[in-house]
>>> print(open('run.cif').read())   # mmCIF, C-alpha atoms and all ligand atoms
data_model
loop_
_atom_site.label_atom_id
_atom_site.label_comp_id
_atom_site.auth_asym_id
_atom_site.auth_seq_id
_atom_site.Cartn_x
_atom_site.Cartn_y
_atom_site.Cartn_z
CA MET A 72 80.03 -46.68 -10.61
CA GLY A 73 79.04 -49.76 -8.60
CA VAL A 74 75.91 -51.78 -9.23
CA ALA A 75 74.22 -50.38 -6.20
CA GLU A 76 74.81 -46.77 -7.35
CA LYS A 77 73.57 -47.55 -10.92
CA GLU A 78 70.35 -48.87 -9.55
CA ILE A 79 69.79 -46.08 -7.09
CA LEU A 80 70.51 -43.08 -9.39
CA PRO A 81 67.33 -43.15 -11.54
CA LEU A 82 65.19 -43.53 -8.47
CA ASN A 83 66.84 -40.53 -6.87
CA SER A 84 66.32 -38.43 -10.05
CA VAL A 85 62.55 -39.06 -10.09
CA SER A 86 62.31 -38.29 -6.43
CA VAL A 87 64.21 -35.01 -6.85
CA ARG A 88 61.99 -33.97 -9.81
CA ALA A 89 58.84 -34.79 -7.80
CA THR A 90 60.07 -32.77 -4.88
CA ALA A 91 60.82 -29.82 -7.19
CA THR A 92 57.27 -29.91 -8.73
CA GLU A 93 55.69 -30.13 -5.30
CA HIS A 94 57.80 -27.24 -4.17
CA HIS A 95 56.64 -25.13 -7.14
CA ARG A 96 53.01 -25.96 -6.50
CA ARG A 97 53.28 -24.99 -2.87
CA LYS A 98 55.08 -21.81 -3.79
CA ALA A 99 52.37 -20.90 -6.30
CA ALA A 100 49.63 -21.64 -3.79
CA PHE A 101 51.41 -19.61 -1.17
CA SER A 102 51.87 -16.70 -3.62
CA PHE A 103 48.20 -16.77 -4.53
CA LEU A 104 47.18 -16.90 -0.86
CA LYS A 105 49.50 -13.99 -0.15
CA PHE A 106 48.07 -12.06 -3.12
CA PHE A 107 44.51 -12.87 -2.02
CA CYS A 108 45.11 -11.85 1.60
CA THR A 109 47.20 -8.77 0.98
CA ARG A 110 45.63 -7.41 -2.20
CA LEU A 111 42.34 -8.95 -3.33
CA LEU A 112 40.55 -9.27 0.01
CA PRO A 113 41.52 -5.82 1.34
CA ALA A 114 40.55 -4.29 -2.02
CA TYR A 115 37.18 -6.08 -1.95
CA LEU A 116 36.54 -5.09 1.67
CA PHE A 117 37.58 -1.53 0.97
CA VAL A 118 35.22 -1.20 -1.96
CA TYR A 119 32.43 -3.01 -0.09
CA TYR A 120 32.59 -0.91 3.03
CA ALA A 121 33.80 2.38 1.60
CA PHE A 122 31.30 2.58 -1.24
CA GLY A 123 28.65 0.07 -0.24
CA TYR A 124 29.29 -1.81 -3.46
CA SER A 125 29.30 -5.56 -3.44
CA ALA A 126 28.65 -8.38 -5.79
CA LYS A 127 25.20 -8.55 -4.24
CA TYR A 128 24.64 -4.86 -4.93
CA ILE A 129 25.60 -5.12 -8.53
CA LEU A 130 23.55 -8.27 -9.03
CA CYS A 131 20.54 -6.72 -7.35
CA ARG A 132 20.91 -3.54 -9.31
CA VAL A 133 21.37 -5.21 -12.66
CA SER A 134 18.62 -7.73 -12.15
CA TYR A 135 16.36 -4.98 -10.77
CA LEU A 136 16.80 -2.74 -13.78
CA HIS A 137 16.16 -5.55 -16.16
CA HIS A 138 13.42 -7.33 -14.26
CA PRO A 139 11.63 -4.89 -11.97
CA ARG A 140 8.86 -7.39 -11.43
CA ARG A 141 10.96 -10.21 -10.02
CA TYR A 142 14.24 -8.70 -9.05
CA CYS A 143 16.40 -9.31 -6.09
CA THR A 144 15.58 -12.25 -3.96
CA CYS A 145 17.70 -10.76 -1.19
CA ASP A 146 16.14 -9.82 2.15
CA ASN A 147 13.14 -7.53 2.45
CA ILE A 148 15.30 -4.48 2.05
CA CYS A 149 18.47 -5.59 0.31
CA ASP A 150 21.89 -3.98 0.55
CA THR A 151 21.07 -1.74 -2.36
CA GLY A 152 18.37 0.06 -0.43
CA VAL A 153 15.88 -1.41 -2.88
CA ILE A 154 12.70 -2.51 -1.17
CA THR A 155 12.08 -5.91 -2.61
CA THR A 156 8.55 -6.59 -1.46
CA LEU A 157 5.45 -4.58 -0.72
CA PRO A 158 2.88 -5.67 1.84
CA THR A 159 0.01 -7.58 0.29
CA HIS A 160 -2.00 -7.21 3.52
CA TYR A 161 -2.00 -5.20 6.72
CA THR A 162 -2.96 -6.61 10.10
CA LEU A 163 -5.74 -4.77 11.92
CA PRO A 164 -6.14 -4.65 15.73
CA SER A 165 -8.66 -7.50 15.45
CA GLY A 166 -5.93 -9.65 13.89
CA ASP A 167 -7.73 -9.64 10.53
CA GLN A 168 -5.61 -9.17 7.42
CA ILE A 169 -6.89 -6.48 5.09
CA PRO A 170 -5.66 -6.70 1.47
CA ALA A 171 -3.52 -3.70 0.50
CA VAL A 172 -5.07 -3.11 -2.94
CA ALA A 173 -8.82 -2.85 -3.43
CA LEU A 174 -11.16 -1.95 -6.22
CA GLY A 175 -12.84 1.34 -5.32
CA VAL A 176 -16.37 1.65 -6.68
CA TRP A 177 -17.17 5.29 -5.96
CA GLN A 178 -18.35 6.89 -9.22
CA ALA A 179 -18.64 3.49 -10.87
CA SER A 180 -22.11 3.83 -12.28
CA LYS A 181 -24.84 1.24 -12.43
CA GLY A 182 -24.47 -0.89 -15.53
CA GLU A 183 -20.66 -0.54 -15.34
CA VAL A 184 -19.81 -1.42 -11.79
CA GLY A 185 -20.82 -5.10 -12.01
CA GLN A 186 -18.49 -5.94 -14.86
CA ALA A 187 -15.70 -3.95 -13.13
CA VAL A 188 -16.13 -6.04 -9.99
CA GLU A 189 -16.18 -9.26 -12.00
CA ALA A 190 -13.04 -8.17 -13.88
CA ALA A 191 -11.37 -7.35 -10.56
CA LEU A 192 -12.19 -10.70 -9.00
CA LYS A 193 -10.88 -12.46 -12.12
CA SER A 194 -7.64 -10.47 -11.88
CA GLY A 195 -7.11 -11.60 -8.29
CA TYR A 196 -8.53 -8.70 -6.24
CA LYS A 197 -10.05 -9.87 -2.97
CA HIS A 198 -11.01 -6.47 -1.61
CA ILE A 199 -13.94 -4.35 -2.79
CA ASP A 200 -14.44 -0.94 -1.22
CA GLY A 201 -17.99 0.35 -1.52
CA ALA A 202 -20.60 2.40 0.30
CA TRP A 203 -24.36 2.57 0.64
CA ARG A 204 -24.20 6.11 -0.72
CA TYR A 205 -22.64 5.01 -4.02
CA ALA A 206 -26.05 3.55 -4.90
CA ASN A 207 -24.49 0.57 -6.66
CA GLU A 208 -24.28 -1.99 -3.86
CA ALA A 209 -26.86 -4.39 -5.30
CA GLU A 210 -24.95 -4.64 -8.59
CA VAL A 211 -21.70 -5.16 -6.68
CA GLY A 212 -23.40 -7.94 -4.70
CA GLN A 213 -24.71 -9.58 -7.87
CA ALA A 214 -21.25 -9.45 -9.48
CA ILE A 215 -19.70 -11.08 -6.42
CA LYS A 216 -22.30 -13.83 -6.61
CA ASN A 217 -21.65 -14.30 -10.36
CA SER A 218 -17.91 -14.56 -9.78
CA GLY A 219 -18.30 -17.68 -7.67
CA VAL A 220 -15.53 -16.49 -5.34
CA PRO A 221 -16.35 -17.80 -1.86
CA ARG A 222 -17.41 -15.06 0.57
CA GLU A 223 -14.74 -16.02 3.10
CA GLU A 224 -12.01 -15.23 0.54
CA LEU A 225 -13.27 -11.67 0.12
CA TRP A 226 -12.86 -8.45 2.02
CA LEU A 227 -15.98 -6.29 1.78
CA THR A 228 -16.06 -2.73 3.08
CA SER A 229 -19.08 -0.45 3.22
CA LYS A 230 -19.88 2.88 4.86
CA LEU A 231 -22.58 4.29 7.09
CA TRP A 232 -24.18 7.28 5.43
CA ASN A 233 -24.52 10.68 7.17
CA SER A 234 -28.27 10.45 7.66
CA PHE A 235 -28.08 7.20 9.64
CA HIS A 236 -25.78 8.27 12.48
CA ALA A 237 -28.54 8.25 15.08
CA PRO A 238 -27.94 5.05 17.08
CA GLU A 239 -31.45 3.79 16.38
CA ASP A 240 -30.82 4.04 12.61
CA VAL A 241 -27.43 2.35 12.41
CA GLU A 242 -28.48 -1.30 12.40
CA SER A 243 -31.19 -0.93 9.75
CA ALA A 244 -28.75 0.99 7.53
CA LEU A 245 -26.23 -1.81 7.95
CA ASP A 246 -28.89 -4.46 7.25
CA ASP A 247 -29.78 -2.68 4.03
CA THR A 248 -26.14 -2.82 2.93
CA LEU A 249 -25.82 -6.50 3.91
CA ASN A 250 -28.95 -7.26 1.95
CA ASN A 251 -27.70 -5.34 -1.11
CA LEU A 252 -24.38 -7.15 -1.06
CA GLY A 253 -25.93 -10.54 -0.38
CA THR A 254 -23.85 -11.25 2.68
CA ASP A 255 -24.49 -11.61 6.40
CA TYR A 256 -21.39 -9.75 7.56
CA LEU A 257 -19.00 -7.00 6.48
CA ASP A 258 -15.27 -7.17 6.98
CA LEU A 259 -15.19 -3.44 7.59
CA TYR A 260 -17.88 -0.83 8.25
CA ILE A 261 -16.88 2.81 8.27
CA ILE A 262 -18.49 6.09 9.31
CA HIS A 263 -18.51 7.69 5.85
CA TRP A 264 -18.13 11.33 6.96
CA PRO A 265 -17.59 13.01 10.31
CA ILE A 266 -20.86 14.80 9.59
CA ALA A 267 -24.27 13.67 10.81
CA PHE A 268 -27.48 14.69 9.07
CA LYS A 269 -30.90 14.66 10.64
CA LYS A 270 -32.96 11.69 9.52
CA ASP A 271 -34.10 11.81 5.87
CA SER A 272 -32.58 15.22 5.33
CA THR A 273 -29.32 16.96 4.61
CA GLU A 274 -29.70 19.25 7.61
CA LEU A 275 -26.76 19.04 9.97
CA ASP A 276 -27.29 17.17 13.24
CA GLU A 277 -25.01 19.36 15.29
CA ALA A 278 -24.96 17.21 18.42
CA LEU A 279 -24.02 13.96 16.65
CA THR A 280 -21.51 15.80 14.48
CA ALA A 281 -19.82 17.31 17.51
CA ASP A 282 -19.87 13.98 19.35
CA PRO A 283 -19.92 10.83 17.22
CA TYR A 284 -19.50 8.53 20.26
CA PRO A 285 -23.17 7.39 20.36
CA THR A 286 -22.84 6.33 16.71
CA TRP A 287 -19.57 4.57 17.44
CA LYS A 288 -21.04 2.66 20.39
CA LYS A 289 -23.74 1.31 18.08
CA LEU A 290 -21.06 0.21 15.61
CA GLU A 291 -19.28 -1.59 18.44
CA GLU A 292 -22.52 -3.37 19.15
CA MET A 293 -22.62 -4.48 15.50
CA VAL A 294 -19.18 -6.03 15.94
CA ASP A 295 -20.36 -7.89 19.01
CA LYS A 296 -23.40 -9.11 17.10
CA GLY A 297 -21.13 -10.52 14.38
CA LYS A 298 -22.55 -8.37 11.60
CA VAL A 299 -19.28 -6.49 11.20
CA ARG A 300 -15.71 -7.68 11.79
CA ASN A 301 -13.93 -4.30 11.99
CA ILE A 302 -15.06 -0.70 12.29
CA GLY A 303 -13.44 2.49 11.13
CA ILE A 304 -13.88 6.09 10.13
CA SER A 305 -13.48 8.14 7.00
CA ASN A 306 -12.58 11.76 6.28
CA PHE A 307 -11.63 12.41 9.91
CA ASN A 308 -8.81 14.89 10.49
CA ILE A 309 -6.56 14.51 13.55
CA PRO A 310 -8.69 16.65 15.95
CA ARG A 311 -11.81 14.73 14.93
CA VAL A 312 -10.08 11.38 15.50
CA LYS A 313 -8.92 12.58 18.92
CA ASN A 314 -12.43 13.78 19.72
CA LEU A 315 -13.74 10.26 19.10
CA THR A 316 -10.93 8.28 20.68
CA ALA A 317 -11.00 10.38 23.86
CA ASN A 318 -14.06 8.28 24.76
CA PRO A 319 -13.76 4.87 26.49
CA LEU A 320 -13.92 2.90 23.23
CA LYS A 321 -14.35 -0.85 23.25
CA TYR A 322 -12.85 -1.04 19.75
CA GLN A 323 -10.45 1.57 18.38
CA PRO A 324 -11.02 2.76 14.81
CA ALA A 325 -9.11 0.23 12.70
CA VAL A 326 -8.81 2.48 9.67
CA ASN A 327 -9.35 6.05 8.55
CA GLN A 328 -10.22 6.27 4.88
CA VAL A 329 -9.14 9.64 3.50
CA GLU A 330 -8.23 11.34 0.27
CA LEU A 331 -4.59 10.62 -0.46
CA ASN A 332 -2.97 11.31 -3.78
CA TYR A 333 -0.11 13.21 -5.35
CA TRP A 334 -2.00 16.50 -4.92
CA ASN A 335 -3.03 15.89 -1.32
CA PRO A 336 -0.54 13.44 0.22
CA GLN A 337 -1.18 14.42 3.89
CA PRO A 338 2.21 13.37 5.30
CA GLU A 339 1.39 14.62 8.82
CA LEU A 340 -1.84 12.64 9.03
CA LEU A 341 -0.01 9.60 7.68
CA GLU A 342 2.73 9.82 10.30
CA TRP A 343 0.32 10.55 13.14
CA SER A 344 -1.94 7.66 12.16
CA LYS A 345 0.99 5.24 12.06
CA GLU A 346 2.05 6.39 15.51
CA HIS A 347 -1.48 5.80 16.80
CA GLY A 348 -2.05 2.44 15.14
CA ILE A 349 -4.72 3.62 12.69
CA LEU A 350 -4.29 2.37 9.15
CA LEU A 351 -4.97 4.93 6.44
CA GLU A 352 -6.85 3.95 3.30
CA ALA A 353 -6.22 6.09 0.21
CA TYR A 354 -9.31 7.05 -1.76
CA SER A 355 -8.98 8.92 -5.07
CA PRO A 356 -5.38 7.65 -5.16
CA LEU A 357 -4.93 8.64 -8.78
CA GLY A 358 -6.51 12.06 -8.28
CA SER A 359 -10.04 10.91 -9.19
CA ASN A 360 -11.52 11.42 -12.62
CA THR A 361 -10.82 15.18 -12.54
CA GLN A 362 -7.08 14.90 -12.00
CA VAL A 363 -6.03 11.44 -13.08
CA LYS A 364 -4.68 12.75 -16.38
CA ASP A 365 -2.52 15.37 -14.65
CA THR A 366 -1.28 12.78 -12.15
CA LEU A 367 -0.22 10.33 -14.82
CA ALA A 368 1.52 13.10 -16.80
CA ILE A 369 3.82 14.21 -13.95
CA PRO A 370 7.34 14.02 -15.45
CA GLU A 371 8.82 12.22 -12.43
CA VAL A 372 6.02 9.66 -12.50
CA ARG A 373 6.57 9.05 -16.20
CA GLU A 374 10.33 8.82 -15.75
CA ILE A 375 10.02 6.31 -12.88
CA ALA A 376 7.55 4.29 -14.96
CA ARG A 377 9.97 4.26 -17.89
CA GLU A 378 12.90 3.26 -15.72
CA LEU A 379 11.02 0.40 -14.05
CA GLY A 380 9.12 -0.78 -17.11
CA ILE A 381 5.73 -0.30 -15.45
CA THR A 382 2.87 2.14 -16.11
CA PRO A 383 2.45 5.60 -14.50
CA ALA A 384 -0.72 4.39 -12.74
CA GLN A 385 1.24 1.47 -11.31
CA VAL A 386 3.92 3.87 -10.08
CA ILE A 387 1.35 5.92 -8.16
CA ILE A 388 -0.53 2.91 -6.77
CA SER A 389 2.75 1.27 -5.71
CA TRP A 390 3.84 4.52 -4.05
CA HIS A 391 0.69 4.46 -1.90
CA VAL A 392 1.34 0.91 -0.71
CA GLN A 393 4.98 1.75 -0.09
CA ARG A 394 3.81 4.66 2.09
CA GLY A 395 2.00 2.06 4.19
CA THR A 396 -1.61 2.64 3.21
CA VAL A 397 -4.39 0.58 1.70
CA VAL A 398 -5.07 1.89 -1.80
CA LEU A 399 -8.46 1.99 -3.53
CA PRO A 400 -8.04 2.79 -7.23
CA LYS A 401 -11.35 3.05 -9.07
CA SER A 402 -11.77 1.91 -12.64
CA VAL A 403 -14.57 0.49 -14.72
CA THR A 404 -12.20 -0.36 -17.57
CA PRO A 405 -11.24 -4.05 -17.31
CA SER A 406 -7.69 -3.57 -18.67
CA ARG A 407 -7.06 -0.77 -16.12
CA VAL A 408 -8.62 -2.80 -13.34
CA GLU A 409 -6.08 -5.53 -14.11
CA GLU A 410 -3.22 -3.02 -14.48
CA ASN A 411 -3.96 -1.35 -11.15
CA TYR A 412 -3.78 -4.59 -9.20
CA HIS A 413 -0.07 -5.09 -9.87
CA VAL A 414 2.11 -3.08 -7.53
CA TYR A 415 5.90 -3.05 -7.56
CA PRO A 416 8.35 -1.86 -4.96
CA LEU A 417 10.01 1.40 -5.95
CA PRO A 418 13.73 1.68 -5.28
CA ASP A 419 14.30 3.89 -2.29
CA ASN A 420 15.78 6.76 -4.28
CA LEU A 421 12.84 6.83 -6.71
CA PHE A 422 10.31 6.52 -3.88
CA ARG A 423 11.95 9.50 -2.20
CA ILE A 424 11.89 11.57 -5.36
CA LEU A 425 8.15 11.00 -5.67
CA GLU A 426 7.45 11.56 -1.97
CA LYS A 427 9.46 14.78 -1.99
CA LYS A 428 7.75 16.08 -5.12
CA ALA A 429 4.27 15.21 -3.80
CA THR A 430 4.83 16.91 -0.47
CA ALA A 431 6.63 19.96 -1.85
CA HIS A 432 3.64 21.80 -3.31
CA PRO A 433 0.70 23.27 -1.35
CA PRO A 434 -1.85 20.52 -0.74
CA GLN A 435 -4.92 20.68 -2.89
CA ARG A 436 -7.96 18.50 -2.21
CA VAL A 437 -9.80 16.90 -5.06
CA VAL A 438 -12.79 16.04 -2.87
CA ASN A 439 -14.43 18.45 -0.42
CA PRO A 440 -18.24 18.40 -0.15
CA SER A 441 -18.37 21.12 2.57
CA LYS A 442 -20.15 23.48 0.18
CA ALA A 443 -22.42 20.79 -1.23
CA TYR A 444 -23.49 19.95 2.35
CA ASN A 445 -24.20 23.65 2.96
CA LEU A 446 -21.84 23.67 5.92
CA SER A 447 -20.76 26.90 7.52
CA PHE A 448 -17.32 25.34 8.16
CA ASP A 449 -14.78 23.28 6.27
CA ILE A 450 -15.04 19.56 7.07
CA PHE A 451 -11.29 19.28 7.00
CA ASP A 452 -10.43 22.60 8.65
CA ASP A 453 -7.27 22.57 6.59
CA TYR A 454 -7.71 25.55 4.35
CA PRO A 455 -10.24 28.33 3.90
CA TYR A 456 -12.42 28.38 0.85
P1 LIG A 501 -12.11 4.61 -15.67
O1 LIG A 501 -12.96 4.27 -14.49
O2 LIG A 501 -12.90 5.14 -16.81
O3 LIG A 501 -11.20 3.49 -16.08
P2 LIG A 501 -9.19 7.40 -8.60
O4 LIG A 501 -8.87 5.96 -8.40
O5 LIG A 501 -8.13 8.33 -8.11
O6 LIG A 501 -10.54 7.74 -8.05
O7 LIG A 501 -9.26 7.66 -10.17
C1 LIG A 501 -10.31 7.17 -10.95
C2 LIG A 501 -10.17 7.69 -12.36
O8 LIG A 501 -8.94 7.23 -12.92
C3 LIG A 501 -11.25 7.20 -13.28
O9 LIG A 501 -11.54 8.26 -14.18
C4 LIG A 501 -10.62 6.03 -13.99
O10 LIG A 501 -11.15 5.83 -15.29
C5 LIG A 501 -9.18 6.49 -14.09
N1 LIG A 501 -8.20 5.38 -14.09
C6 LIG A 501 -8.18 4.34 -13.24
N2 LIG A 501 -7.14 3.55 -13.49
C7 LIG A 501 -6.48 4.09 -14.53
C8 LIG A 501 -5.32 3.71 -15.26
N3 LIG A 501 -4.64 2.61 -14.96
N4 LIG A 501 -4.92 4.51 -16.27
C9 LIG A 501 -5.61 5.63 -16.58
N5 LIG A 501 -6.70 6.03 -15.93
C10 LIG A 501 -7.15 5.28 -14.91
#
>>> encode(input="run.cif", output="structure tokens")
Amino acid sequence: MGVAEKEILPLNSVSVRATATEHHRRKAAFSFLKFFCTRLLPAYLFVYYAFGYSAKYILCRVSYLHHPRRYCTCDNICDTGVITTLPTHYTLPSGDQIPAVALGVWQASKGEVGQAVEAALKSGYKHIDGAWRYANEAEVGQAIKNSGVPREELWLTSKLWNSFHAPEDVESALDDTLNNLGTDYLDLYIIHWPIAFKKDSTELDEALTADPYPTWKKLEEMVDKGKVRNIGISNFNIPRVKNLTANPLKYQPAVNQVELNYWNPQPELLEWSKEHGILLEAYSPLGSNTQVKDTLAIPEVREIARELGITPAQVIISWHVQRGTVVLPKSVTPSRVEENYHVYPLPDNLFRILEKKATAHPPQRVVNPSKAYNLSFDIFDDYPY
């Protein structure tokens, strides 16, 4: 071996070894790429598209089951079909944003209602749904004042009672409510019932009951005067809404507040109202004091509550918001007031179970004062009694 060869040989050996290692690395990378492209990726795509499973699905699902209150930061409706947010507000035709959950104060007696309102405002409620007829407005107004929450942060609703439908009586009835609540405007003023009484009596005013347009025109005037921001109706069935809206209205009814609960879910009215841009508000959402216990004992409601780690009342209240309505649970118990404010999106399958169950039985109203008003007809025309 010559000198030149001796010197060159070791160099050549290193170079050959390096080339061999590089070759192995490339081969391994190529094999992995081949495996990824021909096996892993097709398998993943197959599973993803064939079964709708994905890493996102599993993550959403797992995090949802373990943390129903803060699961899934995916889009509004994530791949799992889980609705991840519920509306906190709805936009009315005026552009105003009405909070989805309110404290209802019907049947909240004097001496109790004030502390319920204060508890609600402490818990974060911004929406109080009341009425002149509930005879507790002054205490509600005092509680609002005590809370120190600025008026402009609140949404206050009240209702025009049956005996003030005559146009000349509307403004003074409204002024009385404004005075009781200690405010100079309402966010929403509603015709309480589609029934007009003659002044200072409970005798039916047939003309104003058959045609509420004169009353409505006066309410429109109240909007123009700045005393009321939005106007609506309550307890109107579809023919009664059509009867009113057939007139040349300046302002359409923004809401229709009706009884909506598990026992009387009114799916047709809900669909029709959505189609016609009228927001429904659910009163007696838990079934009122007479049926709340039965509502909260429904096996499906209990099972959903258990699965999501929330309470049966929260399941029902969340269901209402998920149906697209404002919800007005009433409670004078501070812990329940707080509980009722927290709504959670129900996974689509659980929402459907509840919706199906609620709409599968014959509807049964909790509230129908037709007899108490001595009417010769049913206010709702939906079943004979
Ligand atoms: P209370 O006011 O004594 O707390 P609705 O909202 O359908 O009108 O139902 C009101 C009834 O439901 C009231 O009797 C109220 O009792 C009761 N209620 C309200 N919230 C709850 C809750 N979270 N759990 C149990 N009962 C409730």
>>> closest_residue(input="run.cif", among="A:Lys313, A:Arg423, A:Arg300, A:His391", to="Asn411 of chain A", atoms="only C-alpha atoms")
A:His391
>>> atom_distance(input="run.cif", atom1="atom CA of Gly253 of chain A", atom2="atom CA of Asp200 of chain A")
15.0 Å
>>> closest_residue(input="run.cif", among="A:Val211, A:Leu367, A:Ala114, A:Ala281", to="ligand LIG 501 (chain A)", atoms="all atoms listed in the file")
A:Leu367
>>> closest_residue(input="run.cif", among="A:Gln186, A:Asn332, A:Thr396, A:Asn250", to="Thr366 of chain A", atoms="all atoms listed in the file")
A:Asn332
>>> residues_near_ligand(input="run.cif", ligand="ligand LIG 501 (chain A)", cutoff="8 Å", atoms="all atoms listed in the file", output="PyMOL selection string")
chain A and resi 175+177-179+332+354-364+367+382-385+399-408+410-411
>>> residues_near_point(input="run.cif", point="(-20.1, 1.0, -0.4)", cutoff="10 Å", atoms="all atoms listed in the file", output="list in words")
Gly175, Val176, Trp177, Ile199, Asp200, Gly201, Ala202, Trp203, Arg204, Tyr205, Ala206, Asn207, Glu208, Ala209, Val211, Leu227, Thr228, Ser229, Lys230, Leu231, Trp232, Thr248, Asn251, Leu252, Tyr260, Ile261 and His263 of chain A
>>> closest_residue(input="run.cif", among="A:Pro265, A:Pro164, A:Gly212, A:Pro221", to="Asn314 of chain A", atoms="all atoms listed in the file")
A:Pro265
>>> atom_distance(input="run.cif", atom1="atom CA of Val414 of chain A", atom2="atom CA of Val398 of chain A")
10.4 Å
>>> closest_residue(input="run.cif", among="A:Leu163, A:Leu111, A:Val188, A:Ile424", to="Glu371 of chain A", atoms="all atoms listed in the file")
A:Ile424
>>> axis_aligned_box(input="run.cif", around="segment 424-429 of chain A", padding_each_side="5 Å", output="AutoDock Vina command-line options")
--center_x 8.1 --center_y 13.5 --center_z -3.8 --size_x 17.6 --size_y 15.1 --size_z 13.7
